[in-house]
Amino acid sequence: MLYSPVMKRNMLLLVIFLLLVACARGGEDTAVTPQPPTPTATATESAPQTFGEQDFIVIATDAPLPPYTEFDKFGDLDGFVSRLMENIAVEANLNYEFVVTPTEGVLENLAANPGRDFDAAMSRLVIPEEPAPGIAYTQPYLNVGQVLVVLADESRFNSYRDLQPGMVVGVVQNSEAEQVARTVVGVNEVDLRNGYRNSVEALQALIDESLTAVITDSFVADYFSETYSDQVKVVGGSSADAWISQKAYGIAVPAGNVDLLNRLNAGITAVQTEGNIDRLTVAWLLPSDTLTPGEPRVVASPNEMVIGIVGNPTDLDPAARTSNFTSWEIKINTMSGLYTLTANNTLEPLLATSLPTLSEDKLEYTIPLVRGLNFPDGSEFTADDVKWSIDRARSLGNFWVNSYLKDSNEDGFADADAVQVIDDFTVKFVLQEPDASFLSLLATPPYFPISNECYGDAQDDLSSCGGLGPYTIVSWTPGEQMRLRANPEWPGRPTPAFENILIRFQDDTAVMRRSLEEFQSIDIAWTGLPYSDFTALQNSDPNGDGQPDFRAWTGPAAFKSYVLFNQEQEPWDNALVRRAFALSVNREALANQVFGGSRLPLFSPIPDGMPGSLPVLPQRDLEQARSLLLQAGYSEATPLEIELWYVNDGRYSDVEAAYATALQNQLEETGVFQVTLSSAAFDQFIGQVGQCNLPAYLLGWPSPGRPPDYPGPGAWTDIFVTSSTFCPNYESPGMTAFLQAADEAADQAGYLSAYGDIQQLWAQDFPTVDLVQEPRIAVSLSNVSNVQIDVMGLMHYEVLTKGGG
């Protein structure tokens, strides 16, 4: 059967065991050459022979020799050699078939009987320094050197000759690298580690600091040193000058078949020029094992800001229902809303030209848009994009869209006309009911406009499309890193101080600290930084110059801890008892003695730093607490027995039991409260809360690892007084009136004033007793400035600077 280039992967499964058994076998082993070869593409002299022009050739190969040759599930030949020949044949305009045969005797057959059984041989053939009589080799299709790989911050090596006794070298077992390590480099047996199955295992041992160096194939070293340039490097660089030894691989043909030799050489040249050999090398010759990179080991570039984060974003889709801190932060830095929360915590128009025009009933928000902007994909930003984006979030079930926008049939999904295009650059939103917090929502991801030419209708958590943010996403390798570049289309001010941002997603806190402290390969240690590292690094001086080498940064709180009461149960239906509880608490002691300063006292239901927050909750006063309890009918003679529940699975902290115990002790210092502690894992705990089975319980808000829902005071209060989610069973006509006043406020001043009234009433009724708050923290190198964290707990990359940046 003839095989065209289109059908070139097929092969004739003939196993030939003869191959001129009677012929002399004086030729050298072509699969292993002890000396570094000198490739040649010229035919050796042989007896004159005439070869006609050939369009079909038979190629001898040995199989299986994975990954060079192997059989697929259908029994067809596959592997690097097969795929390479497919490409060469197309360029050389040849049809061909492979014949599988043992290597021994093939070259002798080819030389003695050119064209009788085979026209060429192609397997793992190394071009020898002197070709056997009657054999010519093509130019090399693959040159492979043995090179020395070391850690990226290693400074002791200029060449392999710098290896010294006691330096441990890793090689793959029974490999060319092992032979070179012994015979060329001269590694002592005591320093040689040759138990690795493949090069990835050896490189992993190097990254894990079990080895000083690895000797491996040049294409393996080049790939991994480019991919993980901040972990490993090739001693001497990636050129052939750095090779310890080398081999060249080619195709053998009869020496007199110059036409075939020239056609194959032309095909090889074309395939190399197109980059196909490099792609095949990566696809077939690199080990398939995964390398787990360690911490970066090179100093961060002065031309980019490198941010270290423990963990990964949950998604990069603005319509996603729930997102973690990292996801939300990347979204606000790569997308924008019609309004934005600035690094200084003010709401300002961004993709809108002004604040909304409200209808008289405060249900309609009409917003003019900025003109002349283009998304990263080049499409123009218009009102149609705003509508499409919000409609998409509506269809995907986003709560913050469907719970605010008009829903005439109350099916849980906003109406199709809840977002209306007035003209190309004017859009109107129609709400279910007046709610002044909607302006804040327009600064959050569910309302970010995106391009329908880049995003599809379905949720796309791995999208790199971005939007109209201060940065665009250049590349994203999930689990490893993301590169951002300043977006010239972003209309905000100031323009980004750094053109390039690199976010490293790191495996654990130890890796992040080492990256900052030892290697300085990140500029900022951010999300996931433990408080113990935060405090330790503030005064750390690794370079010994007497000055701290790091700067500590603290943002507003993005988490609070509080006690809730089921006010349908005694004694919590009595406001005197709730107030006595609040007066019994020593917040400073809880923050310092239990949490070691990582949390701060909280004297409001709204954390410090949030616009509108007022410190309305009382300081500790045990005498007043006892007086209130006496008014409620309790005393030391008639103590008040209560049960306090907490979550025991580490959801909120790893000291939650100590936290609950400290709270128990503080309450019992009144001599009246007698506290029994109970606990459960969160899933069981929240189920009991939902059924109103727990009388009083310790919780945290928002869910750990997530930002608050929007940048407004209501994100910290409303759910506790308007929803039965946590079963507070709190009812107050006064609170209802204040909440309505906030919803109907005509401007931000009126909105914040209403929340001032809400907090004052909170300090009388105590729907909750808020205890402590946890600010967001970061540590940077000393030359980094302007680390600004907003009230959502999110860092604004556009204002970051370092050195002269």
# chains A, B, ... in the order shown; residues from 1 in each chain; ligands from 1
$ residues_around --residues "Val58 of chain A" --least-positions-apart "2" --cutoff "10 Å" --atoms "only C-alpha atoms" --output "list in words"
Leu2, Met11, Leu12, Phe56, Ala60, Thr61, Asn95, Tyr96, Glu97, Phe98, Val99, Gly115, Arg116, Asp117, Phe118, Asp119, Ala120 and Ala121 of chain A
$ closest_residue --among "A:Ile244, A:Val299, A:Val430, A:Ile330" --to "Leu358 of chain A" --atoms "only C-alpha atoms"
A:Val430
$ select_by_dssp --residues "segment 523-706 of chain A" --states "helix (DSSP H, G or I)" --output "VMD selection string"
chain A and resid 531 to 538 575 to 583 587 to 594 622 to 631 656 to 668 682 to 690
$ residues_around --residues "segment 69-71 of chain A" --least-positions-apart "6" --cutoff "8 Å" --atoms "only C-alpha atoms" --output "VMD selection string"
chain A and resid 62 to 63 77 to 82 123
$ write_last_selection --atoms "all heavy atoms" --output "PDB file, in the first residue's frame"
ATOM      1  N   ASP A  62      13.075   0.944  13.955  1.00  0.00           N
ATOM      2  CA  ASP A  62      12.971  -0.016  15.053  1.00  0.00           C
ATOM      3  C   ASP A  62      11.884   0.461  16.003  1.00  0.00           C
ATOM      4  O   ASP A  62      11.766   1.659  16.277  1.00  0.00           O
ATOM      5  CB  ASP A  62      14.308  -0.118  15.782  1.00  0.00           C
ATOM      6  CG  ASP A  62      14.398  -1.377  16.643  1.00  0.00           C
ATOM      7  OD1 ASP A  62      13.408  -2.127  16.696  1.00  0.00           O
ATOM      8  OD2 ASP A  62      15.457  -1.596  17.268  1.00  0.00           O
ATOM      9  N   ALA A  63      11.092  -0.459  16.490  1.00  0.00           N
ATOM     10  CA  ALA A  63      10.007  -0.087  17.396  1.00  0.00           C
ATOM     11  C   ALA A  63       9.634  -1.299  18.255  1.00  0.00           C
ATOM     12  O   ALA A  63       9.763  -2.445  17.809  1.00  0.00           O
ATOM     13  CB  ALA A  63       8.792   0.400  16.615  1.00  0.00           C
ATOM     14  N   LEU A  77       2.196   2.800  13.825  1.00  0.00           N
ATOM     15  CA  LEU A  77       3.402   3.418  14.338  1.00  0.00           C
ATOM     16  C   LEU A  77       3.139   4.874  14.710  1.00  0.00           C
ATOM     17  O   LEU A  77       2.486   5.610  13.978  1.00  0.00           O
ATOM     18  CB  LEU A  77       4.507   3.365  13.277  1.00  0.00           C
ATOM     19  CG  LEU A  77       5.894   3.802  13.765  1.00  0.00           C
ATOM     20  CD1 LEU A  77       6.451   2.800  14.757  1.00  0.00           C
ATOM     21  CD2 LEU A  77       6.841   3.972  12.588  1.00  0.00           C
ATOM     22  N   ASP A  78       3.658   5.265  15.859  1.00  0.00           N
ATOM     23  CA  ASP A  78       3.520   6.639  16.318  1.00  0.00           C
ATOM     24  C   ASP A  78       4.813   7.035  17.011  1.00  0.00           C
ATOM     25  O   ASP A  78       5.772   6.257  17.044  1.00  0.00           O
ATOM     26  CB  ASP A  78       2.323   6.767  17.258  1.00  0.00           C
ATOM     27  CG  ASP A  78       1.734   8.177  17.278  1.00  0.00           C
ATOM     28  OD1 ASP A  78       2.371   9.086  16.714  1.00  0.00           O
ATOM     29  OD2 ASP A  78       0.655   8.364  17.859  1.00  0.00           O
ATOM     30  N   GLY A  79       4.850   8.214  17.538  1.00  0.00           N
ATOM     31  CA  GLY A  79       6.026   8.675  18.243  1.00  0.00           C
ATOM     32  C   GLY A  79       6.706   9.820  17.515  1.00  0.00           C
ATOM     33  O   GLY A  79       6.265  10.290  16.468  1.00  0.00           O
ATOM     34  N   PHE A  80       7.811  10.273  18.095  1.00  0.00           N
ATOM     35  CA  PHE A  80       8.522  11.435  17.565  1.00  0.00           C
ATOM     36  C   PHE A  80       8.961  11.219  16.117  1.00  0.00           C
ATOM     37  O   PHE A  80       8.784  12.091  15.258  1.00  0.00           O
ATOM     38  CB  PHE A  80       9.732  11.724  18.448  1.00  0.00           C
ATOM     39  CG  PHE A  80      10.596  12.844  17.948  1.00  0.00           C
ATOM     40  CD1 PHE A  80      10.222  14.161  18.115  1.00  0.00           C
ATOM     41  CD2 PHE A  80      11.803  12.579  17.299  1.00  0.00           C
ATOM     42  CE1 PHE A  80      11.024  15.200  17.649  1.00  0.00           C
ATOM     43  CE2 PHE A  80      12.605  13.603  16.826  1.00  0.00           C
ATOM     44  CZ  PHE A  80      12.212  14.915  17.001  1.00  0.00           C
ATOM     45  N   VAL A  81       9.545  10.031  15.816  1.00  0.00           N
ATOM     46  CA  VAL A  81      10.058   9.759  14.472  1.00  0.00           C
ATOM     47  C   VAL A  81       8.924   9.769  13.453  1.00  0.00           C
ATOM     48  O   VAL A  81       9.025  10.359  12.369  1.00  0.00           O
ATOM     49  CB  VAL A  81      10.823   8.426  14.451  1.00  0.00           C
ATOM     50  CG1 VAL A  81      11.024   7.934  13.021  1.00  0.00           C
ATOM     51  CG2 VAL A  81      12.165   8.580  15.153  1.00  0.00           C
ATOM     52  N   SER A  82       7.812   9.107  13.788  1.00  0.00           N
ATOM     53  CA  SER A  82       6.680   9.037  12.868  1.00  0.00           C
ATOM     54  C   SER A  82       6.118  10.425  12.594  1.00  0.00           C
ATOM     55  O   SER A  82       5.870  10.787  11.434  1.00  0.00           O
ATOM     56  CB  SER A  82       5.594   8.130  13.458  1.00  0.00           C
ATOM     57  OG  SER A  82       4.438   8.153  12.653  1.00  0.00           O
ATOM     58  N   SER A 123      15.454   6.071  12.874  1.00  0.00           N
ATOM     59  CA  SER A 123      15.053   5.667  14.213  1.00  0.00           C
ATOM     60  C   SER A 123      15.778   6.598  15.157  1.00  0.00           C
ATOM     61  O   SER A 123      15.855   7.800  14.882  1.00  0.00           O
ATOM     62  CB  SER A 123      15.405   4.200  14.449  1.00  0.00           C
ATOM     63  OG  SER A 123      14.996   3.794  15.730  1.00  0.00           O
TER      64      SER A 123
END
$ residues_around --residues "Asp317 of chain A" --least-positions-apart "2" --cutoff "10 Å" --atoms "only C-alpha atoms" --output "list in words"
Thr314, Asp315, Ala319, Ala320, Arg321, Ser323, Ser327, Trp328, Lys331, Ala393, Pro445, Pro446, Phe448, Ile450, Tyr455, Ala458, Gln459, Asp460, Asp461, Leu462, Ser463, Ser464, Cys465 and Gly466 of chain A
$ residues_around --residues "Leu622 of chain A" --least-positions-apart "3" --cutoff "6 Å" --atoms "only C-alpha atoms" --output "tab-separated table (two decimals) with N, CA and C atoms, in the first residue's frame"
chain	number	residue	atom	x	y	z
A	584	SER	N	-20.40	43.37	79.47
A	584	SER	CA	-19.52	42.42	80.16
A	584	SER	C	-18.28	42.07	79.36
A	625	ALA	N	-23.40	46.29	84.07
A	625	ALA	CA	-23.94	45.01	83.59
A	625	ALA	C	-24.72	44.31	84.69
A	670	THR	N	-19.07	38.74	85.91
A	670	THR	CA	-20.19	39.50	86.49
A	670	THR	C	-20.69	38.85	87.76
$ select_by_dssp --residues "segment 411-451 of chain A" --states "strand (DSSP E or B)" --output "PyMOL selection string"
chain A and resi 419-423+426-431
$ atom_distance --atom1 "atom CA of Glu178 of chain A" --atom2 "atom CA of Glu209 of chain A"
19.8 Å
$ residues_around --residues "Leu677 of chain A" --least-positions-apart "6" --cutoff "7 Å" --atoms "only C-alpha atoms" --output "JSON, numbers by chain"
{"A": [643, 644, 645]}
$ atom_distance --atom1 "atom CA of Ala575 of chain A" --atom2 "atom CA of Gly700 of chain A"
22.2 Å
$ closest_residue --among "A:Thr326, A:Gln760, A:Asn487, A:Thr227" --to "Ser613 of chain A" --atoms "only C-alpha atoms"
A:Gln760
$ closest_residue --among "A:Leu537, A:Val144, A:Ala591, A:Val791" --to "Ala240 of chain A" --atoms "only C-alpha atoms"
A:Val144
$ residues_around --residues "Trp572 of chain A" --least-positions-apart "6" --cutoff "12 Å" --atoms "only C-alpha atoms" --output "number ranges by chain"
A: 563-566, 578-581, 629, 632, 640-644, 694-697, 728-730, 765-769
